[in-house]
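Asker: Here you go, one structure.
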Amino acid sequence: MNMSSAAPKTRWLALWLPRLATDRLHRANAAPSDGRPVALYAKSGNAFALTAVDPRASEAGLSEGMALADARAMQPDLAAYVDDLSANSALLDAIADWCERFTPIVVLDPPAGLFLDISGCAHLFDGETALLKEVKTLLHAQGFAACVAIAPNPAAAWAFARFADVPIVDENALLDALAPLPIAALRLTTAAAALLRRLGLTTIGQIAHAPRAPFAARAGQHAMQRLDQALGRTREALMPRRPPPPVFAVRRLVEPIVTLDAVLIVVEALCADLATKLDRNGAGARLLRLSLFGLDGKIRGIELGLSKPERDPKPMARLLRERLNVTPENFDAEFGFEAMRLDAVAIAPILLHPTDLASASVCDPAAEARLIDTLAARLGADRIGRLGVRETHAPERATIWADTSQANGTIAVAPDDGVMRRPLTLLARAQPIETIASVPDGHPVRFRWRRVLREIARAEGPERITPNWLRAQDARTRDYYRVEDRQGRRYWLYREGFYDKGEPPRWFLHGLFA
């Protein structure tokens with residue numbers, strides 16, 4: 001019996017925008033409309049050189065790297081502009097944003113390229129051929145010249161997109177398809193490429209069949225690594241623009257939708273798809289991100305944090321509906337939305353706890369979590385929190401106001417024996433009081449607070465709390481007492497300091513019991 005399992009099939013799409021800079025000018029109507037050739041230039045050394053040319057300039061014999069003076073001599077009517085690298089980078093990032101409708105894993109390949117990990121995504125677009133055609137057609141419709149190729153690894157896809165007319169290559173035909181390509185398709189350094197040409201090696205096929213040891217000794221390890229990456233022998237480390245979500249669901253729409261009701265219908269379908277995938281992973285979503293891809297090339301999105309891992313589609317859809325109802329700005333859809341994706345950005349395992357069928361619990365954690373999620377969806381997660389407890393010497397620092405996903409439950413003021421040792425109401429700042437005690441180190445028999453004298457009928461204590469000397473070295477020891485006056489009102493008092501330490505102790509009221 002063969003116990004080995006095949007590795008998952010990886011497929012990468014490489015996108016190259018050879019005229020990104022000049023396309024930017026034409027799309028912004030910043031280039032002349034009279035048919036003159038357009039070029040961009042930047043300073044190189046002590047001269048200006050062309051960095052990008054449009055199709056008309058290419059037909060006129062101009063090319064990148066040519067001196068600007070030579071270009072003007074060849075084409076006096078040339079429209080030349082200073083290249084704006086930051087604008088080109090911003091446009092490439094916007095195109096990468098647009099490409100997330102095809103896959104959540106998009107990698108920037110500046111200055112004019114992108115990598116898309118389409119592993120497991122092609123079937124959503126009726127296959128790789130249809131996907132490649134759609135990417136290229138939509139980019140052309142937006143005014144971009146685009147070259148696209150699909151291969152088993154990013155390096156091979158990069159080579160085919162720039163140096164071959166083969167748009168889709170399978171793993172079995174990878175070596176034969178790469179063999180006739182020039183060595184420049186391996187993305188070698190200038191020095192390594194020049195060395196190989198001096199050795200008479202001009203194609204990848206000649207390098208692939210050369211003995212590895214002599215080749216590595218002459219061309220260096222960098223060239224060998226690039227060859228292994230293109231042939232799929234070594235994986236290439238790429239950094240996506242955003243961390244890929246562990247689980248996601250995508251819906252492509254036959255017709256664009258523009259109304260909120262239509263969006264909510266698709267949201268319900270996405271939640272059902274996502275819940276199925278979460279169930280397979282035995283996990284629930286803690287953070288959801290809904291992306292709406294518009295025909296205008298822009299992405300509208302919302303994020304929704306959950307107080308507990310959730311994989312039931314109905315609560316997820318209900319909370320997303322609440323968030324969408326209070327964020328109408330997400331529906332500036334222009335010409336409508338053509339696709340939607342729901343990402344489980346953060347997931348956590350769902351732990352099943354046994355339930356007691358004999359008696360029902362007074363507190364329903366599930367209902368509490370649903371209430372918190374609903375309030376967070378309507379008011380914002382930063383406005384919803386709960387009290388948590390932490391280990392500290394000072395009672396006034398024992399409680400914290402924390403995010404619902406970080407707080408460690410609510411405060412327990414009564415232990416299992418039912419005795420409430422901490423007051424429900426703790427004053428923000430302990431208030432000084434005047435006391436009279438029967439013995440110096442004992443509890444007071446009466447005290448004055450807010451000009452009212454109170455007679456103590458019962459008292460319990462002391463509970464001694466020593467200061468944290470690392471935090472406040474001049475702090476004094478406190479002796480806490482739980483006291484009750486003759487009217488049944490209960491207080492939490494403490495004495496700060498000792499009578500035998502020179503400075504007389506002081507008394508404070510710190511809290512009120514219910």
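Numbering starts fresh at 1 for the residues of each chain in the structure tokens, the chains themselves are lettered A, B, ... in the order given, and ligands are numbered from 1 as they appear.
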Using only C-alpha atoms, what does the table of region 38-131 of chain A residues within 12 Å of region 159-171 of chain A look like, with each row giving the shortest atom pair and its distance in Å to one decimal, sorted by chain and ascending number, as a tab-separated table?

Answerer:
```
residue	atom	partner	partner_atom	distance
A:Ala112	CA	A:Arg162	CA	11.4
A:Gly113	CA	A:Ala161	CA	9.8
A:Leu114	CA	A:Ala161	CA	10.7
A:Phe115	CA	A:Ala161	CA	10.8
A:Gly127	CA	A:Ile168	CA	11.2
A:Glu128	CA	A:Ile168	CA	7.8
A:Thr129	CA	A:Ile168	CA	7.6
A:Ala130	CA	A:Ile168	CA	11.2
A:Leu131	CA	A:Ile168	CA	10.9
```

Asker: For the atom pair CA of Gly385 (chain A) and CA of Arg397 (chain A), what is the interatomic distance in Å to one decimal place?

Answerer: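 We find that CA of Gly385 (chain A) and CA of Arg397 (chain A) lie 17.1 Å from each other.
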
Asker: In Å to one decimal, how far is CA of Pro182 (chain A) from CA of His209 (chain A)?

Answerer: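 A separation of 14.4 Å between them.
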
Asker: Determine which residues of region 79-169 of chain A receive a DSSP assignment of alpha helix (DSSP H), computed from the backbone, and state them as an MDAnalysis selection string.

Answerer: chainID A and resid 85:99 128:141 154:163

Asker: So which residues touch region 212-223 of chain A within 9 Å, counting only C-alpha atoms, skipping near sequence neighbours fewer than 5 positions away, as a PyMOL selection string?

Answerer: chain A and resi 186-189+192-193+195-196+207+228

Asker: Find the spatial neighbours of Leu509 (chain A), counting only C-alpha atoms, within a cut-off of 9 Å - ignore same-chain residues fewer than 5 positions away - and output them as number ranges by chain.

Answerer: A: 427, 430-433, 449, 491-494

Asker: Write out the residues from the selection above, keeping all heavy atoms, as a compact mmCIF listing (two decimals), in the first residue's frame.

Answerer:
```txt
# COMPACT_ATOMS: atom_id res chain seq x y z
N LEU A 427 -14.17 52.89 44.82
CA LEU A 427 -13.98 54.31 44.53
C LEU A 427 -12.74 54.51 43.67
O LEU A 427 -11.73 53.81 43.85
CB LEU A 427 -13.85 55.09 45.83
CG LEU A 427 -15.03 55.00 46.81
CD1 LEU A 427 -14.77 55.84 48.03
CD2 LEU A 427 -16.33 55.42 46.12
N ALA A 430 -9.39 56.44 46.92
CA ALA A 430 -9.80 56.24 48.31
C ALA A 430 -9.97 57.58 49.02
O ALA A 430 -9.15 58.49 48.86
CB ALA A 430 -8.78 55.37 49.04
N GLN A 431 -11.05 57.70 49.81
CA GLN A 431 -11.37 58.97 50.46
C GLN A 431 -11.01 58.90 51.94
O GLN A 431 -11.34 57.92 52.63
CB GLN A 431 -12.86 59.28 50.29
CG GLN A 431 -13.27 59.42 48.84
CD GLN A 431 -14.72 59.83 48.69
OE1 GLN A 431 -15.39 60.17 49.67
NE2 GLN A 431 -15.20 59.80 47.44
N PRO A 432 -10.32 59.92 52.45
CA PRO A 432 -9.92 59.91 53.87
C PRO A 432 -11.13 60.01 54.79
O PRO A 432 -12.14 60.67 54.47
CB PRO A 432 -9.01 61.13 53.99
CG PRO A 432 -9.41 62.02 52.85
CD PRO A 432 -9.86 61.12 51.75
N ILE A 433 -11.05 59.37 55.94
CA ILE A 433 -12.12 59.39 56.94
C ILE A 433 -11.50 59.62 58.32
O ILE A 433 -10.31 59.41 58.54
CB ILE A 433 -12.93 58.07 56.93
CG1 ILE A 433 -12.00 56.89 57.20
CG2 ILE A 433 -13.67 57.89 55.61
CD1 ILE A 433 -12.74 55.56 57.34
N TRP A 449 -17.57 60.12 57.61
CA TRP A 449 -17.34 60.20 56.16
C TRP A 449 -18.38 61.13 55.57
O TRP A 449 -19.59 60.97 55.81
CB TRP A 449 -17.43 58.79 55.53
CG TRP A 449 -17.26 58.79 54.03
CD1 TRP A 449 -16.27 59.35 53.31
CD2 TRP A 449 -18.15 58.17 53.09
NE1 TRP A 449 -16.45 59.13 51.98
CE2 TRP A 449 -17.61 58.38 51.80
CE3 TRP A 449 -19.33 57.45 53.20
CZ2 TRP A 449 -18.22 57.93 50.64
CZ3 TRP A 449 -19.94 56.98 52.04
CH2 TRP A 449 -19.38 57.22 50.77
N TYR A 491 -19.16 48.79 54.31
CA TYR A 491 -18.09 49.60 53.75
C TYR A 491 -16.79 48.79 53.76
O TYR A 491 -16.63 47.83 54.52
CB TYR A 491 -17.88 50.89 54.57
CG TYR A 491 -19.14 51.67 54.79
CD1 TYR A 491 -19.92 51.43 55.93
CD2 TYR A 491 -19.56 52.64 53.90
CE1 TYR A 491 -21.08 52.15 56.16
CE2 TYR A 491 -20.72 53.37 54.12
CZ TYR A 491 -21.47 53.11 55.24
OH TYR A 491 -22.63 53.81 55.47
N TRP A 492 -15.87 49.25 52.93
CA TRP A 492 -14.53 48.65 52.88
C TRP A 492 -13.54 49.72 53.28
O TRP A 492 -13.29 50.68 52.54
CB TRP A 492 -14.24 48.14 51.45
CG TRP A 492 -13.21 47.05 51.41
CD1 TRP A 492 -13.00 46.07 52.32
CD2 TRP A 492 -12.25 46.84 50.37
NE1 TRP A 492 -11.99 45.24 51.93
CE2 TRP A 492 -11.50 45.69 50.73
CE3 TRP A 492 -11.93 47.48 49.19
CZ2 TRP A 492 -10.46 45.19 49.95
CZ3 TRP A 492 -10.91 46.98 48.39
CH2 TRP A 492 -10.18 45.84 48.78
N LEU A 493 -12.97 49.59 54.50
CA LEU A 493 -12.06 50.58 55.05
C LEU A 493 -10.66 49.99 55.13
O LEU A 493 -10.48 48.77 55.20
CB LEU A 493 -12.51 51.00 56.46
CG LEU A 493 -13.98 51.35 56.67
CD1 LEU A 493 -14.21 51.71 58.13
CD2 LEU A 493 -14.40 52.50 55.76
N TYR A 494 -9.69 50.88 55.13
CA TYR A 494 -8.34 50.39 55.39
C TYR A 494 -7.53 51.44 56.15
O TYR A 494 -7.76 52.64 56.05
CB TYR A 494 -7.62 49.98 54.11
CG TYR A 494 -7.18 51.10 53.19
CD1 TYR A 494 -5.97 51.76 53.40
CD2 TYR A 494 -7.94 51.47 52.09
CE1 TYR A 494 -5.54 52.77 52.55
CE2 TYR A 494 -7.53 52.47 51.23
CZ TYR A 494 -6.32 53.11 51.46
OH TYR A 494 -5.91 54.10 50.61
```

Asker: Determine, counting only C-alpha atoms, which protein, DNA and RNA residues have an atom within 8 Å of an atom of region 42-48 of chain A; residues of the same chain fewer than 3 positions away are not included. Present the result as a PyMOL selection string.

Answerer: chain A and resi 51+67-69+82-83

Asker: DSSP says strand (DSSP E or B) for which residues of region 214-368 of chain A? Put them as a PyMOL selection string?

Answerer: chain A and resi 247-257+283-294+299-310+337-349

Asker: For Ala459 (chain A), list every protein, DNA or RNA residue within 12 Å, evaluated using only C-alpha atoms, and leave out those in the same chain fewer than 6 positions away; present the list as a PDB file with all heavy atoms, in the first residue's frame.

Answerer:
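Wrote part28.pdb, looks like this:
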```pdb
ATOM      1  N   ALA A 437     -11.171  54.254  67.443  1.00  0.00           N
ATOM      2  CA  ALA A 437     -11.009  52.822  67.661  1.00  0.00           C
ATOM      3  C   ALA A 437     -10.864  52.548  69.143  1.00  0.00           C
ATOM      4  O   ALA A 437     -10.361  53.388  69.916  1.00  0.00           O
ATOM      5  CB  ALA A 437      -9.786  52.303  66.909  1.00  0.00           C
ATOM      6  N   GLY A 442      -6.822  48.040  66.336  1.00  0.00           N
ATOM      7  CA  GLY A 442      -8.066  47.354  66.030  1.00  0.00           C
ATOM      8  C   GLY A 442      -8.899  48.101  65.013  1.00  0.00           C
ATOM      9  O   GLY A 442      -8.532  49.161  64.504  1.00  0.00           O
ATOM     10  N   HIS A 443     -10.077  47.525  64.730  1.00  0.00           N
ATOM     11  CA  HIS A 443     -10.972  48.176  63.774  1.00  0.00           C
ATOM     12  C   HIS A 443     -11.667  49.345  64.443  1.00  0.00           C
ATOM     13  O   HIS A 443     -11.811  49.386  65.681  1.00  0.00           O
ATOM     14  CB  HIS A 443     -11.998  47.157  63.256  1.00  0.00           C
ATOM     15  CG  HIS A 443     -12.927  46.653  64.317  1.00  0.00           C
ATOM     16  ND1 HIS A 443     -14.030  47.365  64.747  1.00  0.00           N
ATOM     17  CD2 HIS A 443     -12.897  45.510  65.052  1.00  0.00           C
ATOM     18  CE1 HIS A 443     -14.655  46.691  65.685  1.00  0.00           C
ATOM     19  NE2 HIS A 443     -13.977  45.546  65.897  1.00  0.00           N
ATOM     20  N   PRO A 444     -12.120  50.325  63.700  1.00  0.00           N
ATOM     21  CA  PRO A 444     -12.790  51.489  64.310  1.00  0.00           C
ATOM     22  C   PRO A 444     -14.178  51.117  64.834  1.00  0.00           C
ATOM     23  O   PRO A 444     -14.834  50.213  64.315  1.00  0.00           O
ATOM     24  CB  PRO A 444     -12.865  52.498  63.165  1.00  0.00           C
ATOM     25  CG  PRO A 444     -12.814  51.670  61.924  1.00  0.00           C
ATOM     26  CD  PRO A 444     -11.966  50.475  62.247  1.00  0.00           C
ATOM     27  N   VAL A 445     -14.617  51.824  65.857  1.00  0.00           N
ATOM     28  CA  VAL A 445     -15.971  51.633  66.373  1.00  0.00           C
ATOM     29  C   VAL A 445     -16.929  52.648  65.760  1.00  0.00           C
ATOM     30  O   VAL A 445     -18.149  52.454  65.766  1.00  0.00           O
ATOM     31  CB  VAL A 445     -15.980  51.728  67.909  1.00  0.00           C
ATOM     32  CG1 VAL A 445     -15.173  50.584  68.514  1.00  0.00           C
ATOM     33  CG2 VAL A 445     -15.429  53.075  68.379  1.00  0.00           C
ATOM     34  N   ARG A 446     -16.399  53.715  65.272  1.00  0.00           N
ATOM     35  CA  ARG A 446     -17.209  54.688  64.525  1.00  0.00           C
ATOM     36  C   ARG A 446     -16.262  55.470  63.610  1.00  0.00           C
ATOM     37  O   ARG A 446     -15.058  55.548  63.850  1.00  0.00           O
ATOM     38  CB  ARG A 446     -17.970  55.637  65.447  1.00  0.00           C
ATOM     39  CG  ARG A 446     -17.107  56.522  66.312  1.00  0.00           C
ATOM     40  CD  ARG A 446     -17.951  57.424  67.182  1.00  0.00           C
ATOM     41  NE  ARG A 446     -18.768  56.664  68.104  1.00  0.00           N
ATOM     42  CZ  ARG A 446     -18.392  56.279  69.333  1.00  0.00           C
ATOM     43  NH1 ARG A 446     -17.174  56.619  69.759  1.00  0.00           N
ATOM     44  NH2 ARG A 446     -19.186  55.614  70.122  1.00  0.00           N
ATOM     45  N   TYR A 480      -7.048  46.120  55.583  1.00  0.00           N
ATOM     46  CA  TYR A 480      -8.424  46.323  55.133  1.00  0.00           C
ATOM     47  C   TYR A 480      -9.404  45.673  56.109  1.00  0.00           C
ATOM     48  O   TYR A 480      -9.163  44.573  56.640  1.00  0.00           O
ATOM     49  CB  TYR A 480      -8.616  45.733  53.740  1.00  0.00           C
ATOM     50  CG  TYR A 480      -8.135  46.625  52.614  1.00  0.00           C
ATOM     51  CD1 TYR A 480      -6.819  46.595  52.184  1.00  0.00           C
ATOM     52  CD2 TYR A 480      -9.017  47.506  51.992  1.00  0.00           C
ATOM     53  CE1 TYR A 480      -6.376  47.415  51.167  1.00  0.00           C
ATOM     54  CE2 TYR A 480      -8.589  48.336  50.963  1.00  0.00           C
ATOM     55  CZ  TYR A 480      -7.264  48.282  50.558  1.00  0.00           C
ATOM     56  OH  TYR A 480      -6.845  49.089  49.543  1.00  0.00           O
ATOM     57  N   TYR A 481     -10.575  46.335  56.326  1.00  0.00           N
ATOM     58  CA  TYR A 481     -11.652  45.827  57.167  1.00  0.00           C
ATOM     59  C   TYR A 481     -12.971  45.926  56.399  1.00  0.00           C
ATOM     60  O   TYR A 481     -13.229  46.927  55.708  1.00  0.00           O
ATOM     61  CB  TYR A 481     -11.768  46.617  58.471  1.00  0.00           C
ATOM     62  CG  TYR A 481     -10.598  46.452  59.413  1.00  0.00           C
ATOM     63  CD1 TYR A 481      -9.482  47.272  59.301  1.00  0.00           C
ATOM     64  CD2 TYR A 481     -10.632  45.491  60.420  1.00  0.00           C
ATOM     65  CE1 TYR A 481      -8.406  47.132  60.169  1.00  0.00           C
ATOM     66  CE2 TYR A 481      -9.558  45.339  61.297  1.00  0.00           C
ATOM     67  CZ  TYR A 481      -8.458  46.166  61.167  1.00  0.00           C
ATOM     68  OH  TYR A 481      -7.387  46.024  62.028  1.00  0.00           O
ATOM     69  N   ARG A 482     -13.774  44.899  56.527  1.00  0.00           N
ATOM     70  CA  ARG A 482     -15.152  44.945  56.037  1.00  0.00           C
ATOM     71  C   ARG A 482     -16.032  45.261  57.246  1.00  0.00           C
ATOM     72  O   ARG A 482     -16.085  44.458  58.210  1.00  0.00           O
ATOM     73  CB  ARG A 482     -15.556  43.610  55.401  1.00  0.00           C
ATOM     74  CG  ARG A 482     -14.763  43.285  54.154  1.00  0.00           C
ATOM     75  CD  ARG A 482     -15.275  42.001  53.495  1.00  0.00           C
ATOM     76  NE  ARG A 482     -15.073  40.844  54.350  1.00  0.00           N
ATOM     77  CZ  ARG A 482     -13.943  40.149  54.420  1.00  0.00           C
ATOM     78  NH1 ARG A 482     -12.901  40.524  53.657  1.00  0.00           N
ATOM     79  NH2 ARG A 482     -13.829  39.108  55.215  1.00  0.00           N
ATOM     80  N   VAL A 483     -16.716  46.392  57.199  1.00  0.00           N
ATOM     81  CA  VAL A 483     -17.506  46.846  58.363  1.00  0.00           C
ATOM     82  C   VAL A 483     -18.946  47.088  57.925  1.00  0.00           C
ATOM     83  O   VAL A 483     -19.221  47.333  56.738  1.00  0.00           O
ATOM     84  CB  VAL A 483     -16.904  48.120  58.982  1.00  0.00           C
ATOM     85  CG1 VAL A 483     -15.461  47.883  59.427  1.00  0.00           C
ATOM     86  CG2 VAL A 483     -16.960  49.289  58.012  1.00  0.00           C
ATOM     87  N   GLU A 484     -19.841  47.034  58.914  1.00  0.00           N
ATOM     88  CA  GLU A 484     -21.273  47.271  58.678  1.00  0.00           C
ATOM     89  C   GLU A 484     -21.775  48.203  59.759  1.00  0.00           C
ATOM     90  O   GLU A 484     -21.521  47.998  60.965  1.00  0.00           O
ATOM     91  CB  GLU A 484     -22.039  45.954  58.718  1.00  0.00           C
ATOM     92  CG  GLU A 484     -23.532  46.114  58.469  1.00  0.00           C
ATOM     93  CD  GLU A 484     -24.259  44.789  58.494  1.00  0.00           C
ATOM     94  OE1 GLU A 484     -23.644  43.769  58.111  1.00  0.00           O
ATOM     95  OE2 GLU A 484     -25.437  44.777  58.903  1.00  0.00           O
ATOM     96  N   ASP A 485     -22.492  49.279  59.385  1.00  0.00           N
ATOM     97  CA  ASP A 485     -23.006  50.219  60.386  1.00  0.00           C
ATOM     98  C   ASP A 485     -24.356  49.741  60.910  1.00  0.00           C
ATOM     99  O   ASP A 485     -24.879  48.700  60.483  1.00  0.00           O
ATOM    100  CB  ASP A 485     -23.075  51.633  59.808  1.00  0.00           C
ATOM    101  CG  ASP A 485     -24.066  51.750  58.662  1.00  0.00           C
ATOM    102  OD1 ASP A 485     -24.862  50.805  58.437  1.00  0.00           O
ATOM    103  OD2 ASP A 485     -24.057  52.795  57.973  1.00  0.00           O
ATOM    104  N   ARG A 486     -24.927  50.525  61.822  1.00  0.00           N
ATOM    105  CA  ARG A 486     -26.174  50.104  62.471  1.00  0.00           C
ATOM    106  C   ARG A 486     -27.365  50.148  61.521  1.00  0.00           C
ATOM    107  O   ARG A 486     -28.405  49.556  61.807  1.00  0.00           O
ATOM    108  CB  ARG A 486     -26.436  50.992  63.690  1.00  0.00           C
ATOM    109  CG  ARG A 486     -25.354  50.876  64.747  1.00  0.00           C
ATOM    110  CD  ARG A 486     -25.733  51.623  66.017  1.00  0.00           C
ATOM    111  NE  ARG A 486     -24.659  51.556  67.006  1.00  0.00           N
ATOM    112  CZ  ARG A 486     -24.451  50.525  67.821  1.00  0.00           C
ATOM    113  NH1 ARG A 486     -25.266  49.474  67.774  1.00  0.00           N
ATOM    114  NH2 ARG A 486     -23.446  50.553  68.693  1.00  0.00           N
ATOM    115  N   GLY A 488     -27.169  48.886  58.502  1.00  0.00           N
ATOM    116  CA  GLY A 488     -26.984  47.760  57.587  1.00  0.00           C
ATOM    117  C   GLY A 488     -26.143  48.078  56.360  1.00  0.00           C
ATOM    118  O   GLY A 488     -25.986  47.224  55.481  1.00  0.00           O
ATOM    119  N   ARG A 489     -25.601  49.292  56.292  1.00  0.00           N
ATOM    120  CA  ARG A 489     -24.745  49.631  55.159  1.00  0.00           C
ATOM    121  C   ARG A 489     -23.340  49.109  55.408  1.00  0.00           C
ATOM    122  O   ARG A 489     -22.823  49.212  56.532  1.00  0.00           O
ATOM    123  CB  ARG A 489     -24.732  51.146  54.926  1.00  0.00           C
ATOM    124  CG  ARG A 489     -26.080  51.719  54.516  1.00  0.00           C
ATOM    125  CD  ARG A 489     -25.953  53.206  54.227  1.00  0.00           C
ATOM    126  NE  ARG A 489     -25.752  53.962  55.453  1.00  0.00           N
ATOM    127  CZ  ARG A 489     -26.725  54.570  56.135  1.00  0.00           C
ATOM    128  NH1 ARG A 489     -27.990  54.485  55.699  1.00  0.00           N
ATOM    129  NH2 ARG A 489     -26.468  55.250  57.229  1.00  0.00           N
ATOM    130  N   ARG A 490     -22.717  48.577  54.333  1.00  0.00           N
ATOM    131  CA  ARG A 490     -21.419  47.922  54.476  1.00  0.00           C
ATOM    132  C   ARG A 490     -20.354  48.716  53.705  1.00  0.00           C
ATOM    133  O   ARG A 490     -20.612  49.221  52.599  1.00  0.00           O
ATOM    134  CB  ARG A 490     -21.479  46.487  53.972  1.00  0.00           C
ATOM    135  CG  ARG A 490     -22.547  45.658  54.651  1.00  0.00           C
ATOM    136  CD  ARG A 490     -22.478  44.212  54.203  1.00  0.00           C
ATOM    137  NE  ARG A 490     -21.249  43.594  54.669  1.00  0.00           N
ATOM    138  CZ  ARG A 490     -20.688  42.522  54.090  1.00  0.00           C
ATOM    139  NH1 ARG A 490     -21.253  41.993  53.019  1.00  0.00           N
ATOM    140  NH2 ARG A 490     -19.573  42.014  54.571  1.00  0.00           N
ATOM    141  N   TYR A 491     -19.162  48.790  54.306  1.00  0.00           N
ATOM    142  CA  TYR A 491     -18.089  49.602  53.751  1.00  0.00           C
ATOM    143  C   TYR A 491     -16.791  48.794  53.764  1.00  0.00           C
ATOM    144  O   TYR A 491     -16.631  47.831  54.519  1.00  0.00           O
ATOM    145  CB  TYR A 491     -17.884  50.886  54.569  1.00  0.00           C
ATOM    146  CG  TYR A 491     -19.140  51.671  54.788  1.00  0.00           C
ATOM    147  CD1 TYR A 491     -19.920  51.429  55.935  1.00  0.00           C
ATOM    148  CD2 TYR A 491     -19.556  52.643  53.897  1.00  0.00           C
ATOM    149  CE1 TYR A 491     -21.080  52.145  56.157  1.00  0.00           C
ATOM    150  CE2 TYR A 491     -20.717  53.371  54.118  1.00  0.00           C
ATOM    151  CZ  TYR A 491     -21.475  53.106  55.244  1.00  0.00           C
ATOM    152  OH  TYR A 491     -22.626  53.808  55.466  1.00  0.00           O
ATOM    153  N   TRP A 492     -15.873  49.253  52.929  1.00  0.00           N
ATOM    154  CA  TRP A 492     -14.534  48.646  52.876  1.00  0.00           C
ATOM    155  C   TRP A 492     -13.537  49.722  53.283  1.00  0.00           C
ATOM    156  O   TRP A 492     -13.293  50.683  52.539  1.00  0.00           O
ATOM    157  CB  TRP A 492     -14.244  48.141  51.455  1.00  0.00           C
ATOM    158  CG  TRP A 492     -13.208  47.047  51.406  1.00  0.00           C
ATOM    159  CD1 TRP A 492     -13.002  46.069  52.319  1.00  0.00           C
ATOM    160  CD2 TRP A 492     -12.246  46.841  50.367  1.00  0.00           C
ATOM    161  NE1 TRP A 492     -11.989  45.235  51.925  1.00  0.00           N
ATOM    162  CE2 TRP A 492     -11.496  45.690  50.726  1.00  0.00           C
ATOM    163  CE3 TRP A 492     -11.935  47.482  49.186  1.00  0.00           C
ATOM    164  CZ2 TRP A 492     -10.462  45.186  49.948  1.00  0.00           C
ATOM    165  CZ3 TRP A 492     -10.909  46.983  48.394  1.00  0.00           C
ATOM    166  CH2 TRP A 492     -10.181  45.842  48.776  1.00  0.00           C
ATOM    167  N   LEU A 493     -12.973  49.590  54.503  1.00  0.00           N
ATOM    168  CA  LEU A 493     -12.061  50.579  55.053  1.00  0.00           C
ATOM    169  C   LEU A 493     -10.656  49.992  55.133  1.00  0.00           C
ATOM    170  O   LEU A 493     -10.484  48.771  55.204  1.00  0.00           O
ATOM    171  CB  LEU A 493     -12.508  50.999  56.459  1.00  0.00           C
ATOM    172  CG  LEU A 493     -13.979  51.352  56.669  1.00  0.00           C
ATOM    173  CD1 LEU A 493     -14.212  51.711  58.126  1.00  0.00           C
ATOM    174  CD2 LEU A 493     -14.402  52.496  55.763  1.00  0.00           C
ATOM    175  N   TYR A 494      -9.687  50.881  55.134  1.00  0.00           N
ATOM    176  CA  TYR A 494      -8.337  50.391  55.388  1.00  0.00           C
ATOM    177  C   TYR A 494      -7.528  51.444  56.151  1.00  0.00           C
ATOM    178  O   TYR A 494      -7.760  52.641  56.045  1.00  0.00           O
ATOM    179  CB  TYR A 494      -7.618  49.981  54.107  1.00  0.00           C
ATOM    180  CG  TYR A 494      -7.175  51.096  53.191  1.00  0.00           C
ATOM    181  CD1 TYR A 494      -5.965  51.760  53.396  1.00  0.00           C
ATOM    182  CD2 TYR A 494      -7.941  51.471  52.087  1.00  0.00           C
ATOM    183  CE1 TYR A 494      -5.540  52.765  52.545  1.00  0.00           C
ATOM    184  CE2 TYR A 494      -7.530  52.474  51.231  1.00  0.00           C
ATOM    185  CZ  TYR A 494      -6.324  53.115  51.459  1.00  0.00           C
ATOM    186  OH  TYR A 494      -5.911  54.098  50.606  1.00  0.00           O
TER     187      TYR A 494
END
```

Asker: Excluding same-chain residues fewer than 2 positions from Phe144 (chain A), what lies within 8 Å of it counting only C-alpha atoms, as a count of residues only?

Answerer: 9

Asker: Could you check the closest approach to Gly232 (chain A) for each of A:Leu40, A:Pro154, A:Leu453, A:Arg386 and tell me which residue wins, using only C-alpha atoms?

Answerer: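 Residue with the minimum atom-to-atom distance to Gly232 (chain A): A:Pro154.
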
Asker: Have a look at A:Leu50, A:Ala87, A:Leu292, A:Leu424 and name the one nearest to Val38 (chain A); count only C-alpha atoms.

Answerer: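 Between A:Leu50, A:Ala87, A:Leu292, A:Leu424, the residue approaching Val38 (chain A) most closely is A:Leu50.
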
Asker: For Pro104 (chain A), which residue out of A:Ile118, A:Ala155, A:Leu320, A:Ala339 is the nearest one, using only C-alpha atoms?

Answerer: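 For Pro104 (chain A), the nearest of the candidates is A:Ile118.
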